[in-house]
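Notes to accompany the following structure.
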Amino acid sequence: MRSFLLATIMGFMFSCTPAQTDENSDKSNVDELIRQMTLEEKVHMLHGKGKFTSAGVERLGVPDLKSADGPLGVREEIQNDSWAPAGWNNDFATFFPAGGGLSSTWNLDLVRRYSVAMGEEARAREKDVLLAPAVNLIRSPLGGRNFEYFTEDPFLNKKLVVPFVQGLQANDVASCVKHYAINNQETLRGTIDVQADERTIREMYLPVFEAAVKEGNAYSVMSAYNRFRGAYLSENDYMLNTILRDEWGFKGFVMSDWGAVHSTKESALYGLDIEMGTEIDNYDDWFFSKALIAAVQNGEVPESVIDDKVRNILYVMEEIHAIGSAPRAKGALNTPDHLQVAYEVASESVVLLKNANNALPLKSSGIKSIAVIGDNAKRKHANQGFGAGVKTKTEVTPYDALVSSYPDIKINYAQGYKEQYLKNDLNRSWGLPVDYEANEQLVAEAVAAAQASDVAIVFAGSNRLVETEAEDRKGLRLPFGQEALIKAVKAANPNTIVVIIAGSPHDLSEIDATVDGLVWSWFNGSRAGDAIVDVLFGEVNPSGKLPVTFPKRLEDSPAHATNSFPGGPDVVTYDEGILIGYRWFDTHDVEPFYPFGYGLSYTSFEYSDLKTDKSSYAPDEIIKVSLKVKNTGAVDGKETIQLYTSKPESAIQRAARELKGFGKIALKAGEEKVVSIEIPVRELAFYDVKAKDWSVEPGSYYVASGASSRDLRGTMSFSVE
Ligand code: BGC
């Protein structure tokens, strides 16, 4: 009924102009709407009028703008003025695998299907904006929000963001790409001033946002909490006006992170459009409410600036069909298809870290009993911690999946470890210092279960109280004494497999040295348990590859080697510059524990015949790289082929190698395929700070094909004129 009324009003409003869809007529409709608005009405549109709503102008048929948190799925409804759940019974949603899981698939078609499904859910919940994806680069293995983010690599990051944004927006919902920008830690996130040089931000931190805007056509961007070069990101002229609008041509709106606004005049002039999330529930007291009206009236902020902001919002509303007469996508919630997508992403994201003596896959026929050990065997990850989760009807745990898929196998469950935190004087439940002591009683029960079973599987790792928004982890070690547990279980049963469920690198050295079979899974959505169990039993051949380097020691990873994480109290300086992630390890010849791009399979792949289509290229050409890949094992599988380029004898600092292309293929046992991957020469450009532009250095280059950043299978040289 509501949408019928709205369509009628809108039809009437625009009836003086014939129904047209060309840009000029839309623009004049928007300008006409703005002309009819009072200053108060316009300013109302520029700040929250509830936790996740900003106002429309009812008398002109402009509806409120309703947002919901992602990126794990559409967050449950909360009360308008508080974070307490609204208590609805129709706000269940699919829990989609978190960022780390999505990126480790390296499968762009799956990314698109995932975000189309998420967009359908957002529309079915009548949202206009989904606060997703979260794409900040993973700078430290300790980052509290790493689990939400994709990767340490800017190329993989930008390739993932484009289908994500396009898929989400295909259903008339705006993506709000967050958190713009250079927001790479939780410690002091509300005040810290990030200092990073121009080349570093252009080559590392900004490409994902640039691709989201220019290729993905993202309709909105969320300004981050922190400061960059002195100015808060919600009032950062350089980031918001110069780069985002002027250079990239961004047409949508900038929405602040929740409570990330610190000024009226500066935020208004330097590029913020909508203020969200202050804790003051008197919505007139926000920087972008009464104070903004006053700033216009006293001449500090021209009214045309207000008009521009409203125009940005109305532009998006038109694009997502929140205004205008075109029909709007209705979406769908909790469908079997969505659960299927969540399953496929989860199953392609699982990373096989170690498989000595063919410990995996398990052969169900020979197994009568399994000791299922570990808190993570039964723990759900859709919610908990600080920050957004999903209220879901379906979350299949590994335990659930084992019981339902293998009813004939006897399951001996033991919790093995439990979450224990050191003294909590902070009056909160998340991000607390963890206790590393094993619980002797639980270990003894686990040992007994392992002794009584054919196989033991320990589901270990972290959880969403340990890895959480608003707090970085304090160290790489696994919490709650899990190493001691795993050693004891392995001593009790040599057939012990370990599954780590977590979102960030941990120190797995003792566990890797203890067991033959080691598998990594993520906070992996509604069907996480089905996916991991299918990998363990070989129904799915694992094909996930790590989107992040696992260091041997924390001090090996770049932000820690340079002693520049988390910085503070006021400033953090990104001393590692462009050498983030594997770039640092490879350039400084530091051995990682598990390299970027690493992941095993139940089969093996042979790479041969690496070729480039020419030996020399002009800067505007495309390098067509091809190679043969053969599945040399006995089972079908999928492989992600990675292309890394390097430039010997460069006039500028360069990383030893950089990812510049990848492709994922499926190969039947014994099958061979030719894989072609294109690298536009402009991908080789560096940001020339003096010229303020990208520049491709002429001379010779190498391209290497890799099964990981440390497993290079072939190298070719070529030159750029
Ligand atoms: C987070 C955002 C989130 C917002 C609304 C903030 O604390 O940084 O990612 O979208 O809250 O929940």
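Labeling convention for the structure tokens: chains A, B, ... as they appear, residues from 1 per chain, ligands from 1 in order of appearance.
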Item to complete: Step by step, measure atom-to-atom distances between ligand 1 and each residue using only C-alpha atoms and all ligand atoms, keep those at most 9 Å, then write them as a PyMOL selection string.
Response: chain A and resi 51-52+68-71+75+130-132+134+176+178-179+222+224-225+256-260+276-277+386-388+469-470
Practice prompt. Using DSSP on the backbone, list every residue of range 414-502 of chain A that comes out as helix (DSSP H, G or I), and give them as a PyMOL selection string.
Written response: chain A and resi 440-451+482-492
Selection: 12 Å around Thr38 in chain A, only C-alpha atoms, excl. self and same-chain fewer than 6 positions, as a PDB file with N, CA, C and O atoms, in the first residue's frame:
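File produced: part_14.pdb:
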```pdb
ATOM      1  N   HIS A  44      17.210  18.536   7.504  1.00  0.00           N
ATOM      2  CA  HIS A  44      16.688  17.297   8.085  1.00  0.00           C
ATOM      3  C   HIS A  44      17.202  16.069   7.366  1.00  0.00           C
ATOM      4  O   HIS A  44      17.372  15.002   7.943  1.00  0.00           O
ATOM      5  N   MET A  45      17.416  16.220   6.066  1.00  0.00           N
ATOM      6  CA  MET A  45      17.872  15.064   5.286  1.00  0.00           C
ATOM      7  C   MET A  45      19.347  14.739   5.542  1.00  0.00           C
ATOM      8  O   MET A  45      19.841  13.715   5.095  1.00  0.00           O
ATOM      9  N   VAL A  57      11.452  14.103   2.944  1.00  0.00           N
ATOM     10  CA  VAL A  57      10.540  15.250   3.044  1.00  0.00           C
ATOM     11  C   VAL A  57       9.179  14.735   2.581  1.00  0.00           C
ATOM     12  O   VAL A  57       8.907  14.637   1.381  1.00  0.00           O
ATOM     13  N   ARG A  59       6.105  15.739   2.537  1.00  0.00           N
ATOM     14  CA  ARG A  59       5.131  16.493   1.735  1.00  0.00           C
ATOM     15  C   ARG A  59       5.528  16.520   0.259  1.00  0.00           C
ATOM     16  O   ARG A  59       4.710  16.780  -0.613  1.00  0.00           O
ATOM     17  N   LEU A  60       6.818  16.252  -0.026  1.00  0.00           N
ATOM     18  CA  LEU A  60       7.254  16.228  -1.422  1.00  0.00           C
ATOM     19  C   LEU A  60       7.452  14.798  -1.939  1.00  0.00           C
ATOM     20  O   LEU A  60       8.015  14.583  -3.013  1.00  0.00           O
ATOM     21  N   ILE A 293      21.853  24.672  10.313  1.00  0.00           N
ATOM     22  CA  ILE A 293      20.927  25.735   9.885  1.00  0.00           C
ATOM     23  C   ILE A 293      21.508  27.094  10.291  1.00  0.00           C
ATOM     24  O   ILE A 293      21.564  28.035   9.485  1.00  0.00           O
ATOM     25  N   GLU A 303      24.204  28.208   1.263  1.00  0.00           N
ATOM     26  CA  GLU A 303      23.073  27.285   1.111  1.00  0.00           C
ATOM     27  C   GLU A 303      23.277  26.357  -0.089  1.00  0.00           C
ATOM     28  O   GLU A 303      22.787  25.234  -0.120  1.00  0.00           O
ATOM     29  N   ILE A 306      24.457  23.070   0.947  1.00  0.00           N
ATOM     30  CA  ILE A 306      23.376  22.222   1.461  1.00  0.00           C
ATOM     31  C   ILE A 306      22.629  21.594   0.272  1.00  0.00           C
ATOM     32  O   ILE A 306      22.321  20.396   0.267  1.00  0.00           O
ATOM     33  N   ASP A 307      22.376  22.413  -0.735  1.00  0.00           N
ATOM     34  CA  ASP A 307      21.682  21.907  -1.925  1.00  0.00           C
ATOM     35  C   ASP A 307      22.477  20.773  -2.574  1.00  0.00           C
ATOM     36  O   ASP A 307      21.911  19.765  -3.008  1.00  0.00           O
ATOM     37  N   VAL A 310      21.927  17.590  -0.635  1.00  0.00           N
ATOM     38  CA  VAL A 310      20.601  17.021  -0.878  1.00  0.00           C
ATOM     39  C   VAL A 310      20.567  16.415  -2.288  1.00  0.00           C
ATOM     40  O   VAL A 310      20.014  15.332  -2.504  1.00  0.00           O
TER      41      VAL A 310
END
```
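Contact shell of Pro619 in chain A at 12 Å (only C-alpha atoms; same-chain neighbours under 6 positions omitted): Ile679, Pro680, Val681, Arg682, Glu683, Leu684, Ala685, Trp694, Ser695, Val696, Glu697, Pro698, Gly699, Ser719, Val720 and Glu721 of chain A.
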Item to complete: Rank A:Leu142, A:Ile411, A:Val443, A:Ile665 by their smallest atom-to-atom distance to Gly503 in chain A, using only C-alpha atoms, and report the top residue only.
Response: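 That would be A:Leu142, the residue with the smallest distance to Gly503 in chain A.
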Per residue of range 518-563 of chain A within 12 Å of range 499-502 of chain A, note the shortest atom pair and the distance in Å to one decimal, counting only C-alpha atoms, and order the rows by chain and increasing residue number, as a Markdown table.
```
| residue | atom | partner | partner_atom | distance |
| --- | --- | --- | --- | --- |
| A:Leu518 | CA | A:Val499 | CA | 5.9 |
| A:Val519 | CA | A:Val499 | CA | 4.7 |
| A:Trp520 | CA | A:Ile500 | CA | 4.8 |
| A:Ser521 | CA | A:Ile501 | CA | 4.8 |
| A:Trp522 | CA | A:Ala502 | CA | 5.0 |
| A:Phe523 | CA | A:Ala502 | CA | 6.2 |
| A:Asn524 | CA | A:Ile501 | CA | 8.5 |
| A:Gly525 | CA | A:Ile501 | CA | 11.6 |
| A:Ala528 | CA | A:Ile501 | CA | 9.8 |
| A:Gly529 | CA | A:Ile501 | CA | 10.5 |
| A:Ile532 | CA | A:Val499 | CA | 8.4 |
| A:Val533 | CA | A:Val499 | CA | 10.1 |
| A:Val535 | CA | A:Val499 | CA | 10.7 |
| A:Leu536 | CA | A:Val499 | CA | 9.2 |
```
Discussion item. Using only C-alpha atoms, which protein or nucleic acid residues come within 10 Å of Ser267 in chain A? Drop anything in the same chain fewer than 3 positions from it, and give the result as a PyMOL selection string.
Written reply: chain A and resi 232-237+240+256+261-264+270-275+287-288+292
Worksheet item: Which value, in Å to one decimal, gives the distance between CA of Ala218 in chain A and CA of Ser175 in chain A?
Response: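 Rounded to one decimal, the two atoms are 5.9 Å apart.
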Worksheet item: Excluding same-chain residues fewer than 2 positions from Phe550 in chain A, what lies within 9 Å of it counting only C-alpha atoms, as a list in words?
Response: Pro141, Ser504, Pro505, His506, Asp507, Leu508, Leu546, Val548, Lys552, Arg553, Ser557, Pro592, Phe593, Tyr594, Pro595 and Phe596 of chain A
Could you write those residues out with C-alpha atoms, as a PDB file, in the first residue's frame?
```
ATOM      1  CA  PRO A 141      47.519  -9.413  11.819  1.00  0.00           C
ATOM      2  CA  SER A 504      42.861 -13.236  11.366  1.00  0.00           C
ATOM      3  CA  PRO A 505      46.328 -14.769  11.326  1.00  0.00           C
ATOM      4  CA  HIS A 506      47.324 -16.610  14.476  1.00  0.00           C
ATOM      5  CA  ASP A 507      50.518 -18.351  15.482  1.00  0.00           C
ATOM      6  CA  LEU A 508      49.867 -21.934  14.420  1.00  0.00           C
ATOM      7  CA  LEU A 546      45.055 -17.161   2.090  1.00  0.00           C
ATOM      8  CA  VAL A 548      46.842 -12.507   4.057  1.00  0.00           C
ATOM      9  CA  LYS A 552      56.225 -16.673  12.041  1.00  0.00           C
ATOM     10  CA  ARG A 553      56.493 -14.003  14.690  1.00  0.00           C
ATOM     11  CA  SER A 557      55.149  -8.427   9.929  1.00  0.00           C
ATOM     12  CA  PRO A 592      56.496 -16.218   6.450  1.00  0.00           C
ATOM     13  CA  PHE A 593      54.805 -19.087   8.268  1.00  0.00           C
ATOM     14  CA  TYR A 594      52.097 -19.401   5.609  1.00  0.00           C
ATOM     15  CA  PRO A 595      52.549 -17.118   2.641  1.00  0.00           C
ATOM     16  CA  PHE A 596      49.975 -14.926   0.982  1.00  0.00           C
TER      17      PHE A 596
END
```
Discussion item. For Ile201 in chain A, find every residue with an atom within 10 Å (counting only C-alpha atoms), except residues of its own chain fewer than 2 positions away, and show them as a list in words.
Written reply: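 In the requested form, the answer reads Ala181, Ile182, Gln195, Ala196, Asp197, Glu198, Arg199, Glu203, Met204, Tyr205, Leu206, Pro207, Tyr574, Gly577, Ile578 and Tyr687 of chain A.
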Those same residues - all heavy atoms - I'd like them written as a compact mmCIF listing (two decimals), in the first residue's frame.
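Output (part.txt):
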```
# COMPACT_ATOMS: atom_id res chain seq x y z
N ALA A 181 38.87 6.70 4.84
CA ALA A 181 39.83 5.72 4.38
C ALA A 181 41.00 5.68 5.35
O ALA A 181 41.10 6.51 6.24
CB ALA A 181 40.33 6.09 3.00
N ILE A 182 41.89 4.71 5.09
CA ILE A 182 43.13 4.59 5.85
C ILE A 182 42.77 4.42 7.34
O ILE A 182 43.33 5.04 8.22
CB ILE A 182 44.07 5.79 5.58
CG1 ILE A 182 43.88 6.22 4.12
CG2 ILE A 182 45.53 5.42 5.85
CD1 ILE A 182 44.88 7.13 3.54
N GLN A 195 49.45 9.11 9.58
CA GLN A 195 50.38 9.77 8.67
C GLN A 195 50.91 8.70 7.72
O GLN A 195 51.54 7.73 8.15
CB GLN A 195 51.55 10.38 9.46
CG GLN A 195 51.13 11.46 10.44
CD GLN A 195 50.67 12.74 9.75
OE1 GLN A 195 51.11 13.05 8.65
NE2 GLN A 195 49.79 13.48 10.40
N ALA A 196 50.62 8.86 6.46
CA ALA A 196 51.15 7.93 5.46
C ALA A 196 51.48 8.75 4.23
O ALA A 196 50.75 9.71 3.91
CB ALA A 196 50.11 6.86 5.12
N ASP A 197 52.55 8.40 3.57
CA ASP A 197 52.98 9.23 2.45
C ASP A 197 52.07 9.02 1.24
O ASP A 197 51.30 8.07 1.17
CB ASP A 197 54.45 8.97 2.11
CG ASP A 197 54.64 7.57 1.58
OD1 ASP A 197 54.31 7.33 0.41
OD2 ASP A 197 55.08 6.70 2.35
N GLU A 198 52.18 9.95 0.31
CA GLU A 198 51.25 9.99 -0.81
C GLU A 198 51.31 8.73 -1.68
O GLU A 198 50.29 8.19 -2.09
CB GLU A 198 51.55 11.24 -1.65
CG GLU A 198 50.47 11.60 -2.63
CD GLU A 198 49.15 11.99 -1.98
OE1 GLU A 198 49.09 12.27 -0.78
OE2 GLU A 198 48.14 11.98 -2.72
N ARG A 199 52.52 8.28 -1.95
CA ARG A 199 52.62 7.09 -2.81
C ARG A 199 51.96 5.89 -2.11
O ARG A 199 51.25 5.10 -2.73
CB ARG A 199 54.09 6.81 -3.11
CG ARG A 199 54.23 5.73 -4.14
CD ARG A 199 55.64 5.47 -4.59
NE ARG A 199 55.66 4.19 -5.26
CZ ARG A 199 56.67 3.35 -5.27
NH1 ARG A 199 57.80 3.66 -4.67
NH2 ARG A 199 56.57 2.19 -5.89
N GLU A 203 48.88 3.88 -3.79
CA GLU A 203 49.12 2.52 -4.31
C GLU A 203 48.52 1.44 -3.43
O GLU A 203 48.20 0.36 -3.91
CB GLU A 203 50.62 2.28 -4.49
CG GLU A 203 51.23 3.14 -5.59
CD GLU A 203 52.68 2.80 -5.89
OE1 GLU A 203 53.15 1.71 -5.51
OE2 GLU A 203 53.35 3.65 -6.50
N MET A 204 48.39 1.71 -2.13
CA MET A 204 47.96 0.66 -1.22
C MET A 204 46.53 0.84 -0.72
O MET A 204 45.70 -0.05 -0.81
CB MET A 204 48.90 0.58 0.00
CG MET A 204 50.32 0.26 -0.37
SD MET A 204 50.45 -1.42 -1.05
CE MET A 204 51.33 -1.08 -2.54
N TYR A 205 46.24 2.02 -0.14
CA TYR A 205 45.00 2.15 0.63
C TYR A 205 43.81 2.67 -0.18
O TYR A 205 42.67 2.39 0.16
CB TYR A 205 45.24 3.05 1.85
CG TYR A 205 46.22 2.40 2.81
CD1 TYR A 205 47.58 2.69 2.77
CD2 TYR A 205 45.77 1.44 3.70
CE1 TYR A 205 48.47 2.05 3.62
CE2 TYR A 205 46.65 0.80 4.56
CZ TYR A 205 48.01 1.11 4.51
OH TYR A 205 48.87 0.47 5.34
N LEU A 206 44.08 3.40 -1.24
CA LEU A 206 42.96 4.00 -1.97
C LEU A 206 42.44 3.21 -3.16
O LEU A 206 41.28 3.40 -3.55
CB LEU A 206 43.33 5.43 -2.42
CG LEU A 206 43.57 6.43 -1.28
CD1 LEU A 206 43.84 7.83 -1.85
CD2 LEU A 206 42.37 6.49 -0.34
N PRO A 207 43.23 2.33 -3.78
CA PRO A 207 42.71 1.68 -4.99
C PRO A 207 41.36 0.97 -4.81
O PRO A 207 40.53 0.99 -5.71
CB PRO A 207 43.81 0.67 -5.35
CG PRO A 207 45.07 1.32 -4.85
CD PRO A 207 44.66 2.00 -3.57
N TYR A 574 52.71 5.28 9.18
CA TYR A 574 52.82 3.99 8.48
C TYR A 574 54.23 3.86 7.90
O TYR A 574 54.47 4.06 6.72
CB TYR A 574 51.76 3.91 7.38
CG TYR A 574 50.34 3.70 7.86
CD1 TYR A 574 49.98 3.85 9.19
CD2 TYR A 574 49.33 3.34 6.95
CE1 TYR A 574 48.67 3.65 9.61
CE2 TYR A 574 48.03 3.13 7.36
CZ TYR A 574 47.69 3.30 8.69
OH TYR A 574 46.39 3.10 9.09
N GLY A 577 55.41 1.96 4.73
CA GLY A 577 55.10 2.53 3.42
C GLY A 577 54.37 1.56 2.52
O GLY A 577 53.35 0.98 2.91
N ILE A 578 54.92 1.36 1.32
CA ILE A 578 54.23 0.50 0.35
C ILE A 578 54.49 -0.99 0.60
O ILE A 578 53.92 -1.83 -0.10
CB ILE A 578 54.65 0.82 -1.11
CG1 ILE A 578 56.16 0.66 -1.27
CG2 ILE A 578 54.20 2.22 -1.53
CD1 ILE A 578 56.61 0.61 -2.72
N TYR A 687 52.77 5.42 -8.47
CA TYR A 687 52.25 6.79 -8.33
C TYR A 687 53.43 7.74 -8.20
O TYR A 687 54.22 7.66 -7.25
CB TYR A 687 51.32 6.90 -7.11
CG TYR A 687 50.63 8.25 -7.10
CD1 TYR A 687 49.55 8.50 -7.94
CD2 TYR A 687 51.11 9.28 -6.30
CE1 TYR A 687 48.94 9.76 -7.97
CE2 TYR A 687 50.50 10.53 -6.32
CZ TYR A 687 49.43 10.76 -7.16
OH TYR A 687 48.83 11.99 -7.20
```
Practice prompt. Run DSSP on the backbone and give me the residues of range 183-358 of chain A it puts in strand (DSSP E or B), as JSON, numbers by chain.
Written response: {"A": [193, 194, 195, 220, 221, 222, 223, 227, 228, 231, 232, 253, 254, 255, 256, 274, 275, 351, 352, 353, 354, 355]}
Worksheet item: Of the candidates A:Val213, A:Ile497, A:Val341, A:Ala291, which one gets nearest to Ala456 in chain A if we count only C-alpha atoms?
Response: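 Smallest distance to Ala456 in chain A is found for A:Ile497.
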